[in-house]
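**Student:** Handing you a structure now.
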Amino acid sequence: MDTGSLYDLTPIAWLLAVGVLLALGPLVWVWRRNAGAATARRLHALTVLTLFLTFDLTLFGAFTRLSDSGLGCPDWPGCYGNASPVGARHDIAMAQAAQPTGPVTHSKAWVEMVHRYLATGVGFLILVLAVATWVARRRQRRADHRGERALSAWWPAATLAWVCLQGAFGAMTVTWKLFPAIVTLHLMGAIVLLALLCIQAVRYQQAAMQRLPTVLPAALRTLLVATTALLALQIALGGWVSTNYAVLACTQFPTCQDSWWPPMDFAQGFEIWRHLGETAAGAPIDFAALTAIHYAHRLMAYLVFAAIGLLAWRLHRLAPLRPQARWLAGLALLQLASGLGNVLLGWPLAAALLHTGGAAALAVVLTWTLCESRREGARSAAGQRVPNMEVAR
């Protein structure tokens with residue numbers, strides 16, 4: 001048998017090994033710290049840790065993209081077929097010599113590979129969380145703890161399936177050479193992953209404390225759901241701006257190119273299935289298309305900012321949801337400041353990272369609020385109707 005024709009599994013084996021080693025430290029720490037706690041509390045602590053590390057990973061992913069390191073290792077899962085940039089020194093040096101200002105340098109290769117190592121570590125934590133929840137659920141059913149709120153194994157299973165899909169998009173981001181639609185989907189996948197982990201964290205805490213969600217009037221609950229949907233659309237538009245490098249199409253505020261309605265080509269700008277910097281027909285993309293991408297995101301920002309402001313004001317009148325209201329107001333102001341910084345200061349790295357982090361944090365806080373509230377007349381996760389005395393006025 002010609003072993004040279006077989007696929008070399010060494011890079012992916014090393015990637016998995018490094019990811020597991022990175023995850024073991026936080027995993028052992030949180031498990032020992034909560035050794036004497038109830039099962040739901042231990043799972044809650046592990047989920048919060050995973051959520052925190054996933055948020056950090058999202059920011060590091062943004063740094064990888066913004067520092068132009070997304071193709072620092074132009075293959076996957078290794079780097080030029082090696083487990084790390086150390087073994088790929090010769091290939092990286094040759095690529096850098098051929099294109100000194102190109103996407104492949106030694107520093108960019110390390111940024112890209114560190115991102116992959118961290119992503120594998122987060123994936124391992126999510127796997128542990130899914131297995132631990134499944135085991136805890138089986139024990140709970142055998143013990144028949146009728147006084148406890150049931151632990152659900154469905155959310156951790158969905159999260160595990162999603163992180164596998166997210167890994168596939170990460171591989172496609174590299175192998176498809178920063179295809180804008182794939183990169184945007186990879187960003188949205190990270191936001192969904194944060195939301196799934198947030199749901200689990202809240203559910204475990206509610207189970208541990210035997211706490212029911214706060215009941216909201218139908219109109220307020222509808223506003224909450226609508227604001228979450230608007231934010232999701234805005235994050236997708238922001239990802240489309242970033243992946244098409246359209247931030248600097250407008251360097252003024254509130255006008256753009258000395259106009260309230262500059263020349264724009266929305267049809268070309270929102271051709272989804274195309275290569276970076278090209279139209280679907282393969283021609284170079286027009287500047288008017290980049291302007292349309294930028295301006296669509298800016299116009300939507302006005303609507304989202306108003307919706308979050310109104311929602312924060314309404315929620316602040318409810319004592320149980322006052323922390324979420326304050327987080328929403330503060331993060332909305334941060335997004336406004338970082339967004340203006342990107343436009344007026346020429347897209348500095350710090351402002352761009354803050355803008356990505358603020359968007360991710362808003363998604364987490366809105367998910368937290370959704371989980372901690374119920375529409376008036378709805379049933380709780382435990383199948384009980386929430387008392388009318390908790391209805392927010």
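The chains in the structure tokens are called A, B, ... from first to last as shown; in each chain the residues are counted from 1, and the ligands are counted from 1 in the order shown.
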Taking a cut-off of 8 Å and counting only C-alpha atoms, can you build a table that, for each residue of segment 165-197 of chain A near segment 344-365 of chain A, reports the nearest atom pair and how far apart they are in Å (one decimal), sorted by chain then residue number, as JSON lines?
**Tutor:**
```
{"residue": "A:Ile191", "atom": "CA", "partner": "A:Ala360", "partner_atom": "CA", "distance": 6.1}
{"residue": "A:Leu194", "atom": "CA", "partner": "A:Val364", "partner_atom": "CA", "distance": 6.5}
{"residue": "A:Ala195", "atom": "CA", "partner": "A:Val364", "partner_atom": "CA", "distance": 5.7}
```
**Student:** I want to know what sits within 9 Å of segment 301-317 of chain A, based on only C-alpha atoms, with residues of the same chain fewer than 2 positions away left out; could you give that as a ChimeraX atom specification?
**Tutor:** /A:220,223-224,226-228,230-231,234,296-299,319-329,332-333,335-336,392-393
**Student:** Keeping N, CA, C and O atoms, export the residues of the selection given above as a CSV table (one decimal), in the first residue's frame.
**Tutor:**
```csv
chain,number,residue,atom,x,y,z
A,220,LEU,N,-44.5,44.0,25.8
A,220,LEU,CA,-43.1,44.1,26.2
A,220,LEU,C,-42.3,42.9,25.7
A,220,LEU,O,-41.2,43.0,25.2
A,223,LEU,N,-41.7,43.3,22.1
A,223,LEU,CA,-40.6,44.3,21.9
A,223,LEU,C,-39.2,43.6,22.1
A,223,LEU,O,-38.3,43.8,21.3
A,224,LEU,N,-39.1,42.8,23.1
A,224,LEU,CA,-37.9,42.1,23.4
A,224,LEU,C,-37.5,41.1,22.3
A,224,LEU,O,-36.4,41.1,21.8
A,226,ALA,N,-38.6,41.3,19.1
A,226,ALA,CA,-38.3,42.1,17.9
A,226,ALA,C,-36.9,42.7,18.0
A,226,ALA,O,-36.2,42.8,17.0
A,227,THR,N,-36.5,43.2,19.1
A,227,THR,CA,-35.2,43.9,19.3
A,227,THR,C,-34.1,42.8,19.1
A,227,THR,O,-33.1,43.1,18.4
A,228,THR,N,-34.3,41.6,19.6
A,228,THR,CA,-33.3,40.5,19.4
A,228,THR,C,-33.2,40.2,17.9
A,228,THR,O,-32.1,40.0,17.4
A,230,LEU,N,-33.8,42.2,15.4
A,230,LEU,CA,-33.2,43.4,14.7
A,230,LEU,C,-31.7,43.4,15.0
A,230,LEU,O,-30.9,43.6,14.1
A,231,LEU,N,-31.3,43.0,16.2
A,231,LEU,CA,-29.9,42.9,16.5
A,231,LEU,C,-29.2,41.9,15.7
A,231,LEU,O,-28.1,42.0,15.2
A,234,GLN,N,-28.6,43.2,12.3
A,234,GLN,CA,-27.6,44.2,12.3
A,234,GLN,C,-26.2,43.6,12.4
A,234,GLN,O,-25.2,44.1,11.8
A,296,ALA,N,-26.1,50.7,4.5
A,296,ALA,CA,-27.2,49.9,5.0
A,296,ALA,C,-27.0,49.5,6.5
A,296,ALA,O,-27.9,49.6,7.3
A,297,HIS,N,-25.7,49.2,6.8
A,297,HIS,CA,-25.4,48.9,8.2
A,297,HIS,C,-25.7,50.2,9.1
A,297,HIS,O,-26.2,50.1,10.2
A,298,ARG,N,-25.3,51.4,8.6
A,298,ARG,CA,-25.5,52.6,9.4
A,298,ARG,C,-27.0,52.9,9.6
A,298,ARG,O,-27.4,53.3,10.7
A,299,LEU,N,-27.8,52.8,8.5
A,299,LEU,CA,-29.2,53.1,8.6
A,299,LEU,C,-29.9,52.1,9.6
A,299,LEU,O,-30.7,52.5,10.4
A,319,ALA,N,-38.0,45.5,38.6
A,319,ALA,CA,-36.8,45.2,39.5
A,319,ALA,C,-36.1,43.9,39.1
A,319,ALA,O,-34.9,43.9,39.1
A,320,PRO,N,-36.8,42.8,38.8
A,320,PRO,CA,-36.0,41.6,38.5
A,320,PRO,C,-35.2,41.7,37.2
A,320,PRO,O,-34.2,41.0,37.1
A,321,LEU,N,-35.5,42.6,36.3
A,321,LEU,CA,-34.8,42.7,35.0
A,321,LEU,C,-34.0,44.0,34.9
A,321,LEU,O,-33.6,44.3,33.8
A,322,ARG,N,-33.9,44.7,36.0
A,322,ARG,CA,-33.1,45.9,36.0
A,322,ARG,C,-31.7,45.7,35.6
A,322,ARG,O,-31.1,46.6,34.9
A,323,PRO,N,-31.0,44.7,36.1
A,323,PRO,CA,-29.6,44.5,35.7
A,323,PRO,C,-29.5,44.4,34.2
A,323,PRO,O,-28.5,44.9,33.6
A,324,GLN,N,-30.4,43.6,33.5
A,324,GLN,CA,-30.3,43.4,32.1
A,324,GLN,C,-30.5,44.8,31.4
A,324,GLN,O,-29.9,45.1,30.4
A,325,ALA,N,-31.4,45.6,31.9
A,325,ALA,CA,-31.7,46.9,31.3
A,325,ALA,C,-30.5,47.8,31.4
A,325,ALA,O,-30.2,48.5,30.4
A,326,ARG,N,-29.8,47.8,32.5
A,326,ARG,CA,-28.6,48.6,32.6
A,326,ARG,C,-27.5,48.1,31.6
A,326,ARG,O,-26.7,48.9,31.0
A,327,TRP,N,-27.3,46.8,31.5
A,327,TRP,CA,-26.3,46.3,30.6
A,327,TRP,C,-26.7,46.7,29.1
A,327,TRP,O,-25.8,47.0,28.4
A,328,LEU,N,-27.9,46.6,28.8
A,328,LEU,CA,-28.3,46.9,27.4
A,328,LEU,C,-28.0,48.4,27.1
A,328,LEU,O,-27.5,48.7,26.1
A,329,ALA,N,-28.4,49.3,28.1
A,329,ALA,CA,-28.1,50.7,27.9
A,329,ALA,C,-26.6,51.0,27.7
A,329,ALA,O,-26.2,51.7,26.8
A,332,ALA,N,-25.2,49.6,24.4
A,332,ALA,CA,-25.7,50.4,23.3
A,332,ALA,C,-24.8,51.6,23.1
A,332,ALA,O,-24.5,52.0,22.0
A,333,LEU,N,-24.5,52.3,24.2
A,333,LEU,CA,-23.7,53.5,24.1
A,333,LEU,C,-22.3,53.1,23.7
A,333,LEU,O,-21.6,53.8,22.9
A,335,GLN,N,-21.5,50.6,21.7
A,335,GLN,CA,-21.6,50.4,20.3
A,335,GLN,C,-21.6,51.7,19.5
A,335,GLN,O,-21.0,51.7,18.4
A,336,LEU,N,-22.3,52.6,20.0
A,336,LEU,CA,-22.3,53.9,19.3
A,336,LEU,C,-21.0,54.6,19.3
A,336,LEU,O,-20.5,55.0,18.2
A,392,ALA,N,-45.1,42.0,35.3
A,392,ALA,CA,-44.6,43.4,35.3
A,392,ALA,C,-45.6,44.4,34.8
A,392,ALA,O,-46.3,44.2,33.8
A,393,ARG,N,-45.7,45.5,35.5
A,393,ARG,CA,-46.7,46.5,35.1
A,393,ARG,C,-46.0,47.6,34.3
A,393,ARG,O,-44.8,47.9,34.6
```
**Student:** Need the shell around Ala161 of chain A: protein/DNA/RNA residues with any atom at most 10 Å away, counting only C-alpha atoms. Skip same-chain ones fewer than 5 positions apart. Format as a ChimeraX atom specification?
**Tutor:** /A:126-127,155-156,166
**Student:** What is the atom CA of Leu118 of chain A to atom CA of Phe55 of chain A distance in Å?
**Tutor:** 11.4 Å
**Student:** Which residues are near Gly81 of chain A? Cut-off 9 Å, only C-alpha atoms, ignore same chain within fewer than 4 positions. Put them as JSON, numbers by chain.
**Tutor:** {"A": [8, 10, 11, 75, 76, 77, 87, 88]}
**Student:** Got time to write the residues from that selection, C-alpha atoms, as a PDB file, in the first residue's frame?
**Tutor:**
```pdb
ATOM      1  CA  ASP A   8      -1.914  12.679   6.982  1.00  0.00           C
ATOM      2  CA  THR A  10      -0.934  14.122  12.269  1.00  0.00           C
ATOM      3  CA  PRO A  11      -1.916  17.855  12.168  1.00  0.00           C
ATOM      4  CA  ASP A  75      -4.478  25.173   4.649  1.00  0.00           C
ATOM      5  CA  TRP A  76      -6.467  23.369   7.347  1.00  0.00           C
ATOM      6  CA  PRO A  77      -6.226  21.993  10.017  1.00  0.00           C
ATOM      7  CA  GLY A  87       7.404  22.887  11.288  1.00  0.00           C
ATOM      8  CA  ALA A  88       6.273  25.195   8.491  1.00  0.00           C
TER       9      ALA A  88
END
```
